[in-house]
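**Student:** What follows is protein_28.pdb, made up of PDB, N, CA and C atoms:
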ATOM      1  N   MET A1033     153.876  74.045  50.235
ATOM      2  CA  MET A1033     152.855  73.082  49.856
ATOM      3  C   MET A1033     152.433  72.296  51.101
ATOM      4  N   ARG A1034     151.180  72.111  51.270
ATOM      5  CA  ARG A1034     150.654  71.359  52.400
ATOM      6  C   ARG A1034     150.630  69.869  52.089
ATOM      7  N   ALA A1035     150.929  69.078  53.106
ATOM      8  CA  ALA A1035     150.861  67.624  52.958
ATOM      9  C   ALA A1035     149.404  67.184  53.028
ATOM     10  N   ARG A1036     149.057  66.186  52.259
ATOM     11  CA  ARG A1036     147.718  65.588  52.305
ATOM     12  C   ARG A1036     147.851  64.220  52.937
ATOM     13  N   PHE A1037     146.993  63.959  53.936
ATOM     14  CA  PHE A1037     147.058  62.721  54.702
ATOM     15  C   PHE A1037     145.777  61.927  54.550
ATOM     16  N   ILE A1038     145.918  60.635  54.754
ATOM     17  CA  ILE A1038     144.769  59.780  55.020
ATOM     18  C   ILE A1038     145.042  59.197  56.401
ATOM     19  N   ILE A1039     144.085  59.341  57.288
ATOM     20  CA  ILE A1039     144.230  58.897  58.669
ATOM     21  C   ILE A1039     143.250  57.759  58.899
ATOM     22  N   VAL A1040     143.765  56.634  59.395
ATOM     23  CA  VAL A1040     142.953  55.432  59.572
ATOM     24  C   VAL A1040     143.188  54.871  60.967
ATOM     25  N   ARG A1041     142.112  54.484  61.644
ATOM     26  CA  ARG A1041     142.248  53.754  62.913
ATOM     27  C   ARG A1041     142.478  52.298  62.538
ATOM     28  N   SER A1042     143.721  51.857  62.681
ATOM     29  CA  SER A1042     144.080  50.504  62.256
ATOM     30  C   SER A1042     143.746  49.458  63.316
ATOM     31  N   HIS A1043     143.715  49.854  64.579
ATOM     32  CA  HIS A1043     143.358  49.005  65.715
ATOM     33  C   HIS A1043     142.657  49.898  66.720
ATOM     34  N   PRO A1044     141.989  49.334  67.712
ATOM     35  CA  PRO A1044     141.258  50.177  68.668
ATOM     36  C   PRO A1044     142.085  51.313  69.278
ATOM     37  N   ASN A1045     143.364  51.091  69.531
ATOM     38  CA  ASN A1045     144.193  52.126  70.144
ATOM     39  C   ASN A1045     145.320  52.595  69.237
ATOM     40  N   GLU A1046     145.166  52.429  67.939
ATOM     41  CA  GLU A1046     146.233  52.804  67.015
ATOM     42  C   GLU A1046     145.663  53.544  65.811
ATOM     43  N   VAL A1047     146.322  54.647  65.479
ATOM     44  CA  VAL A1047     145.955  55.443  64.313
ATOM     45  C   VAL A1047     147.189  55.548  63.432
ATOM     46  N   VAL A1048     147.006  55.391  62.122
ATOM     47  CA  VAL A1048     148.109  55.562  61.181
ATOM     48  C   VAL A1048     147.797  56.737  60.267
ATOM     49  N   ALA A1049     148.844  57.403  59.830
ATOM     50  CA  ALA A1049     148.709  58.504  58.874
ATOM     51  C   ALA A1049     149.653  58.236  57.716
ATOM     52  N   LEU A1050     149.089  58.248  56.526
ATOM     53  CA  LEU A1050     149.855  58.005  55.304
ATOM     54  C   LEU A1050     149.622  59.150  54.339
ATOM     55  N   SER A1051     150.526  59.303  53.405
ATOM     56  CA  SER A1051     150.293  60.269  52.336
ATOM     57  C   SER A1051     149.015  59.887  51.611
ATOM     58  N   ALA A1052     148.185  60.868  51.301
ATOM     59  CA  ALA A1052     146.940  60.620  50.573
ATOM     60  C   ALA A1052     147.147  60.733  49.065
ATOM     61  N   VAL A1053     148.413  60.741  48.636
ATOM     62  CA  VAL A1053     148.758  60.890  47.221
ATOM     63  C   VAL A1053     149.464  59.628  46.745
ATOM     64  N   CYS A1054     148.893  58.976  45.761
ATOM     65  CA  CYS A1054     149.475  57.748  45.218
ATOM     66  C   CYS A1054     150.845  58.034  44.608
ATOM     67  N   THR A1055     151.764  57.092  44.790
ATOM     68  CA  THR A1055     153.119  57.257  44.273
ATOM     69  C   THR A1055     153.222  56.982  42.773
ATOM     70  N   HIS A1056     152.144  56.578  42.144
ATOM     71  CA  HIS A1056     152.167  56.308  40.701
ATOM     72  C   HIS A1056     152.070  57.609  39.911
ATOM     73  N   LEU A1057     150.904  58.254  39.942
ATOM     74  CA  LEU A1057     150.720  59.496  39.181
ATOM     75  C   LEU A1057     150.125  60.624  40.008
ATOM     76  N   GLY A1058     150.121  60.465  41.320
ATOM     77  CA  GLY A1058     149.677  61.554  42.177
ATOM     78  C   GLY A1058     148.179  61.659  42.416
ATOM     79  N   CYS A1059     147.439  60.633  42.089
ATOM     80  CA  CYS A1059     145.994  60.642  42.354
ATOM     81  C   CYS A1059     145.747  60.467  43.853
ATOM     82  N   SER A1060     144.544  60.803  44.297
ATOM     83  CA  SER A1060     144.213  60.621  45.702
ATOM     84  C   SER A1060     143.925  59.147  45.982
ATOM     85  N   VAL A1061     144.068  58.778  47.252
ATOM     86  CA  VAL A1061     143.806  57.414  47.672
ATOM     87  C   VAL A1061     142.661  57.401  48.670
ATOM     88  N   ARG A1062     142.103  56.221  48.899
ATOM     89  CA  ARG A1062     140.979  56.071  49.824
ATOM     90  C   ARG A1062     141.153  54.787  50.628
ATOM     91  N   PHE A1063     140.465  54.705  51.761
ATOM     92  CA  PHE A1063     140.443  53.507  52.581
ATOM     93  C   PHE A1063     139.383  52.565  52.027
ATOM     94  N   ARG A1064     139.707  51.267  52.003
ATOM     95  CA  ARG A1064     138.727  50.257  51.607
ATOM     96  C   ARG A1064     138.736  49.162  52.674
ATOM     97  N   LYS A1065     137.559  48.905  53.254
ATOM     98  CA  LYS A1065     137.430  47.869  54.283
ATOM     99  C   LYS A1065     137.585  46.498  53.640
ATOM    100  N   THR A1066     138.296  45.613  54.336
ATOM    101  CA  THR A1066     138.478  44.241  53.880
ATOM    102  C   THR A1066     138.182  43.302  55.049
ATOM    103  N   GLN A1067     138.142  42.018  54.786
ATOM    104  CA  GLN A1067     137.916  41.041  55.849
ATOM    105  C   GLN A1067     139.023  41.079  56.893
ATOM    106  N   SER A1068     140.236  41.416  56.476
ATOM    107  CA  SER A1068     141.359  41.465  57.410
ATOM    108  C   SER A1068     141.526  42.840  58.057
ATOM    109  N   GLY A1069     140.673  43.774  57.753
ATOM    110  CA  GLY A1069     140.740  45.108  58.359
ATOM    111  C   GLY A1069     140.582  46.217  57.339
ATOM    112  N   GLY A1070     141.567  46.372  56.471
ATOM    113  CA  GLY A1070     141.452  47.400  55.451
ATOM    114  C   GLY A1070     142.727  47.567  54.661
ATOM    115  N   GLU A1071     142.607  48.382  53.612
ATOM    116  CA  GLU A1071     143.733  48.682  52.747
ATOM    117  C   GLU A1071     143.509  50.062  52.153
ATOM    118  N   ILE A1072     144.537  50.614  51.563
ATOM    119  CA  ILE A1072     144.468  51.915  50.914
ATOM    120  C   ILE A1072     144.525  51.673  49.413
ATOM    121  N   VAL A1073     143.617  52.321  48.673
ATOM    122  CA  VAL A1073     143.493  52.072  47.239
ATOM    123  C   VAL A1073     143.537  53.392  46.469
ATOM    124  N   CYS A1074     144.259  53.406  45.365
ATOM    125  CA  CYS A1074     144.312  54.582  44.496
ATOM    126  C   CYS A1074     142.987  54.728  43.751
ATOM    127  N   ASN A1075     142.470  55.946  43.702
ATOM    128  CA  ASN A1075     141.207  56.211  43.021
ATOM    129  C   ASN A1075     141.312  56.131  41.501
ATOM    130  N   CYS A1076     142.506  56.307  40.951
ATOM    131  CA  CYS A1076     142.644  56.341  39.489
ATOM    132  C   CYS A1076     142.995  54.992  38.865
ATOM    133  N   HIS A1077     143.987  54.314  39.418
ATOM    134  CA  HIS A1077     144.494  53.113  38.761
ATOM    135  C   HIS A1077     144.496  51.875  39.645
ATOM    136  N   GLU A1078     143.848  51.970  40.816
ATOM    137  CA  GLU A1078     143.627  50.824  41.697
ATOM    138  C   GLU A1078     144.891  50.194  42.285
ATOM    139  N   SER A1079     145.990  50.954  42.426
ATOM    140  CA  SER A1079     147.117  50.429  43.196
ATOM    141  C   SER A1079     146.617  50.196  44.612
ATOM    142  N   VAL A1080     147.147  49.174  45.269
ATOM    143  CA  VAL A1080     146.698  48.820  46.615
ATOM    144  C   VAL A1080     147.889  48.853  47.561
ATOM    145  N   PHE A1081     147.667  49.442  48.748
ATOM    146  CA  PHE A1081     148.700  49.584  49.765
ATOM    147  C   PHE A1081     148.187  49.033  51.090
ATOM    148  N   THR A1082     149.107  48.542  51.928
ATOM    149  CA  THR A1082     148.742  48.118  53.277
ATOM    150  C   THR A1082     148.518  49.357  54.144
ATOM    151  N   LEU A1083     148.041  49.149  55.356
ATOM    152  CA  LEU A1083     147.866  50.264  56.283
ATOM    153  C   LEU A1083     149.205  50.775  56.818
ATOM    154  N   ASP A1084     150.300  50.112  56.463
ATOM    155  CA  ASP A1084     151.643  50.612  56.759
ATOM    156  C   ASP A1084     152.222  51.380  55.578
ATOM    157  N   GLY A1085     151.469  51.441  54.467
ATOM    158  CA  GLY A1085     151.928  52.152  53.277
ATOM    159  C   GLY A1085     152.621  51.283  52.258
ATOM    160  N   GLU A1086     152.884  50.024  52.591
ATOM    161  CA  GLU A1086     153.578  49.108  51.674
ATOM    162  C   GLU A1086     152.732  48.848  50.435
ATOM    163  N   ASN A1087     153.367  48.851  49.278
ATOM    164  CA  ASN A1087     152.666  48.587  48.022
ATOM    165  C   ASN A1087     152.401  47.100  47.881
ATOM    166  N   LEU A1088     151.137  46.751  47.599
ATOM    167  CA  LEU A1088     150.758  45.353  47.376
ATOM    168  C   LEU A1088     150.626  45.048  45.895
ATOM    169  N   THR A1089     149.959  45.935  45.160
ATOM    170  CA  THR A1089     149.785  45.752  43.717
ATOM    171  C   THR A1089     149.941  47.087  43.017
ATOM    172  N   GLY A1090     150.329  47.040  41.745
ATOM    173  CA  GLY A1090     150.616  48.231  40.960
ATOM    174  C   GLY A1090     149.439  48.724  40.179
ATOM    175  N   PRO A1091     149.685  49.774  39.444
ATOM    176  CA  PRO A1091     150.945  50.161  38.837
ATOM    177  C   PRO A1091     151.921  50.927  39.742
ATOM    178  N   ALA A1092     151.507  51.428  40.891
ATOM    179  CA  ALA A1092     152.461  52.098  41.789
ATOM    180  C   ALA A1092     153.509  51.092  42.239
ATOM    181  N   ARG A1093     154.756  51.524  42.257
ATOM    182  CA  ARG A1093     155.841  50.629  42.666
ATOM    183  C   ARG A1093     156.458  51.043  43.993
ATOM    184  N   LEU A1094     156.203  52.264  44.424
ATOM    185  CA  LEU A1094     156.772  52.770  45.662
ATOM    186  C   LEU A1094     155.707  52.805  46.758
ATOM    187  N   PRO A1095     156.116  52.691  48.019
ATOM    188  CA  PRO A1095     155.150  52.753  49.118
ATOM    189  C   PRO A1095     154.650  54.176  49.341
ATOM    190  N   LEU A1096     153.542  54.291  50.070
ATOM    191  CA  LEU A1096     153.058  55.598  50.504
ATOM    192  C   LEU A1096     153.916  56.055  51.679
ATOM    193  N   LYS A1097     154.176  57.343  51.766
ATOM    194  CA  LYS A1097     154.934  57.882  52.896
ATOM    195  C   LYS A1097     154.101  57.730  54.161
ATOM    196  N   ALA A1098     154.704  57.168  55.191
ATOM    197  CA  ALA A1098     154.053  57.028  56.499
ATOM    198  C   ALA A1098     154.539  58.157  57.399
ATOM    199  N   TYR A1099     153.634  58.690  58.211
ATOM    200  CA  TYR A1099     153.952  59.774  59.131
ATOM    201  C   TYR A1099     153.835  59.298  60.569
ATOM    202  N   LYS A1100     154.571  59.940  61.449
ATOM    203  CA  LYS A1100     154.505  59.646  62.871
ATOM    204  C   LYS A1100     153.202  60.230  63.425
ATOM    205  N   VAL A1101     152.486  59.430  64.223
ATOM    206  CA  VAL A1101     151.214  59.870  64.802
ATOM    207  C   VAL A1101     151.285  59.740  66.314
ATOM    208  N   GLU A1102     150.860  60.793  66.995
ATOM    209  CA  GLU A1102     150.728  60.763  68.448
ATOM    210  C   GLU A1102     149.357  61.312  68.803
ATOM    211  N   ILE A1103     148.736  60.702  69.788
ATOM    212  CA  ILE A1103     147.453  61.203  70.276
ATOM    213  C   ILE A1103     147.714  61.800  71.652
ATOM    214  N   LYS A1104     147.500  63.118  71.747
ATOM    215  CA  LYS A1104     147.744  63.845  72.997
ATOM    216  C   LYS A1104     146.486  64.612  73.373
ATOM    217  N   GLU A1105     145.956  64.300  74.548
ATOM    218  CA  GLU A1105     144.775  64.996  75.068
ATOM    219  C   GLU A1105     143.632  64.997  74.045
ATOM    220  N   GLY A1106     143.438  63.842  73.383
ATOM    221  CA  GLY A1106     142.346  63.704  72.435
ATOM    222  C   GLY A1106     142.601  64.310  71.070
ATOM    223  N   GLN A1107     143.785  64.868  70.856
ATOM    224  CA  GLN A1107     144.139  65.474  69.567
ATOM    225  C   GLN A1107     145.144  64.588  68.846
ATOM    226  N   ILE A1108     145.000  64.473  67.541
ATOM    227  CA  ILE A1108     145.942  63.707  66.727
ATOM    228  C   ILE A1108     147.008  64.660  66.224
ATOM    229  N   GLU A1109     148.286  64.335  66.521
ATOM    230  CA  GLU A1109     149.413  65.123  66.036
ATOM    231  C   GLU A1109     150.182  64.288  65.032
ATOM    232  N   ILE A1110     150.453  64.872  63.867
ATOM    233  CA  ILE A1110     151.130  64.158  62.794
ATOM    234  C   ILE A1110     152.423  64.899  62.477
ATOM    235  N   SER A1111     153.513  64.134  62.351
ATOM    236  CA  SER A1111     154.781  64.719  61.948
ATOM    237  C   SER A1111     155.498  63.734  61.041
ATOM    238  N   ASP A1112     156.545  64.213  60.417
ATOM    239  CA  ASP A1112     157.303  63.313  59.538
ATOM    240  C   ASP A1112     158.349  62.524  60.309
ATOM    241  N   GLY A1113     158.363  62.672  61.633
ATOM    242  CA  GLY A1113     159.300  61.930  62.462
ATOM    243  C   GLY A1113     160.677  62.564  62.512
ATOM    244  N   GLU A1114     160.838  63.716  61.865
ATOM    245  CA  GLU A1114     162.135  64.401  61.823
ATOM    246  C   GLU A1114     162.066  65.748  62.539
ATOM    247  N   GLY A1115     161.107  65.895  63.451
ATOM    248  CA  GLY A1115     161.003  67.133  64.206
ATOM    249  C   GLY A1115     160.316  68.258  63.473
ATOM    250  N   VAL A1116     159.681  67.972  62.352
ATOM    251  CA  VAL A1116     159.006  69.016  61.567
ATOM    252  C   VAL A1116     157.555  69.098  61.959
TER
END
Could the structure of this file be written out as structure tokens, please?
**Tutor:**
Amino acid sequence: MRARFIIVRSHPNEVVALSAVCTHLGCSVRFRKTQSGGEIVCNCHESVFTLDGENLTGPARLPLKAYKVEIKEGQIEISDGEGV
């Protein structure tokens, strides 16, 4: 099974990669711009997550999985941080 990611430029020199699957019922998530920068929102039930994957509001109770991101020679490389 392939992992689904949402990739967001959180700061001018920083990119984050999170699971694009909500921890509530598996719906997809999307980026939503806010005054403070942005947040990740579930398309089905409006759970809200920080750009670090932390859950802010439910019904999801678990955070989104965060992945390790490296930018090498203009390419974004994503891993689970465990050498995979």
**Student:** Write out as a count of residues only each polymer residue whose atoms come within 12 Å of stretch 1041-1048 of chain A, counting only C-alpha atoms; drop sequence neighbours fewer than 5 positions from it.
**Tutor:** 27
**Student:** Excluding A:Cys1076 and residues on its chain fewer than 2 positions from it, collect all residues at most 12 Å away from it, counting only C-alpha atoms, and give them as a PyMOL selection string.
**Tutor:** chain A and resi 1053-1062+1073-1074+1078-1080+1090-1092
**Student:** Hey, can you check how far atom N of A:Asn1075 sits from atom CA of A:Asp1112?
**Tutor:**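 Computing it gives 22.9 Å between the two atoms.
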**Student:** In Å, how far is it from atom CA of A:Pro1095 to atom CA of A:Ser1051?
**Tutor:** 9.5 Å
**Student:** At what distance in Å, to one decimal, does atom C of A:Ala1052 lie from atom N of A:Ile1038?
**Tutor:**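 Here the two named atoms are 5.8 Å from each other.
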**Student:** Extract the full set of strand (DSSP E or B) residues from chain A according to DSSP on the backbone, and format it as a ChimeraX atom specification.
**Tutor:** /A:1037-1043,1046-1051,1053,1060-1066,1069-1074,1080-1081,1087-1089,1098-1104,1107-1111
**Student:** If I only have part of stretch 1036-1047 of chain A, can you fill in N, CA, C and O atoms and write it as a PDB file, in the coordinates of the input?
**Tutor:**
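selection-v4.pdb, written as the output of this step:
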ATOM      1  N   ARG A1036     149.057  66.186  52.259  1.00  0.00           N
ATOM      2  CA  ARG A1036     147.718  65.588  52.305  1.00  0.00           C
ATOM      3  C   ARG A1036     147.851  64.220  52.937  1.00  0.00           C
ATOM      4  O   ARG A1036     148.694  63.423  52.540  1.00  0.00           O
ATOM      5  N   PHE A1037     146.993  63.959  53.936  1.00  0.00           N
ATOM      6  CA  PHE A1037     147.058  62.721  54.702  1.00  0.00           C
ATOM      7  C   PHE A1037     145.777  61.927  54.550  1.00  0.00           C
ATOM      8  O   PHE A1037     144.710  62.488  54.330  1.00  0.00           O
ATOM      9  N   ILE A1038     145.918  60.635  54.754  1.00  0.00           N
ATOM     10  CA  ILE A1038     144.769  59.780  55.020  1.00  0.00           C
ATOM     11  C   ILE A1038     145.042  59.197  56.401  1.00  0.00           C
ATOM     12  O   ILE A1038     146.133  58.703  56.672  1.00  0.00           O
ATOM     13  N   ILE A1039     144.085  59.341  57.288  1.00  0.00           N
ATOM     14  CA  ILE A1039     144.230  58.897  58.669  1.00  0.00           C
ATOM     15  C   ILE A1039     143.250  57.759  58.899  1.00  0.00           C
ATOM     16  O   ILE A1039     142.063  57.895  58.621  1.00  0.00           O
ATOM     17  N   VAL A1040     143.765  56.634  59.395  1.00  0.00           N
ATOM     18  CA  VAL A1040     142.953  55.432  59.572  1.00  0.00           C
ATOM     19  C   VAL A1040     143.188  54.871  60.967  1.00  0.00           C
ATOM     20  O   VAL A1040     144.334  54.778  61.420  1.00  0.00           O
ATOM     21  N   ARG A1041     142.112  54.484  61.644  1.00  0.00           N
ATOM     22  CA  ARG A1041     142.248  53.754  62.913  1.00  0.00           C
ATOM     23  C   ARG A1041     142.478  52.298  62.538  1.00  0.00           C
ATOM     24  O   ARG A1041     141.574  51.596  62.124  1.00  0.00           O
ATOM     25  N   SER A1042     143.721  51.857  62.681  1.00  0.00           N
ATOM     26  CA  SER A1042     144.080  50.504  62.256  1.00  0.00           C
ATOM     27  C   SER A1042     143.746  49.458  63.316  1.00  0.00           C
ATOM     28  O   SER A1042     143.536  48.297  62.989  1.00  0.00           O
ATOM     29  N   HIS A1043     143.715  49.854  64.579  1.00  0.00           N
ATOM     30  CA  HIS A1043     143.358  49.005  65.715  1.00  0.00           C
ATOM     31  C   HIS A1043     142.657  49.898  66.720  1.00  0.00           C
ATOM     32  O   HIS A1043     142.737  51.125  66.624  1.00  0.00           O
ATOM     33  N   PRO A1044     141.989  49.334  67.712  1.00  0.00           N
ATOM     34  CA  PRO A1044     141.258  50.177  68.668  1.00  0.00           C
ATOM     35  C   PRO A1044     142.085  51.313  69.278  1.00  0.00           C
ATOM     36  O   PRO A1044     141.582  52.405  69.486  1.00  0.00           O
ATOM     37  N   ASN A1045     143.364  51.091  69.531  1.00  0.00           N
ATOM     38  CA  ASN A1045     144.193  52.126  70.144  1.00  0.00           C
ATOM     39  C   ASN A1045     145.320  52.595  69.237  1.00  0.00           C
ATOM     40  O   ASN A1045     146.325  53.111  69.717  1.00  0.00           O
ATOM     41  N   GLU A1046     145.166  52.429  67.939  1.00  0.00           N
ATOM     42  CA  GLU A1046     146.233  52.804  67.015  1.00  0.00           C
ATOM     43  C   GLU A1046     145.663  53.544  65.811  1.00  0.00           C
ATOM     44  O   GLU A1046     144.680  53.124  65.211  1.00  0.00           O
ATOM     45  N   VAL A1047     146.322  54.647  65.479  1.00  0.00           N
ATOM     46  CA  VAL A1047     145.955  55.443  64.313  1.00  0.00           C
ATOM     47  C   VAL A1047     147.189  55.548  63.432  1.00  0.00           C
ATOM     48  O   VAL A1047     148.297  55.743  63.925  1.00  0.00           O
TER      49      VAL A1047
END
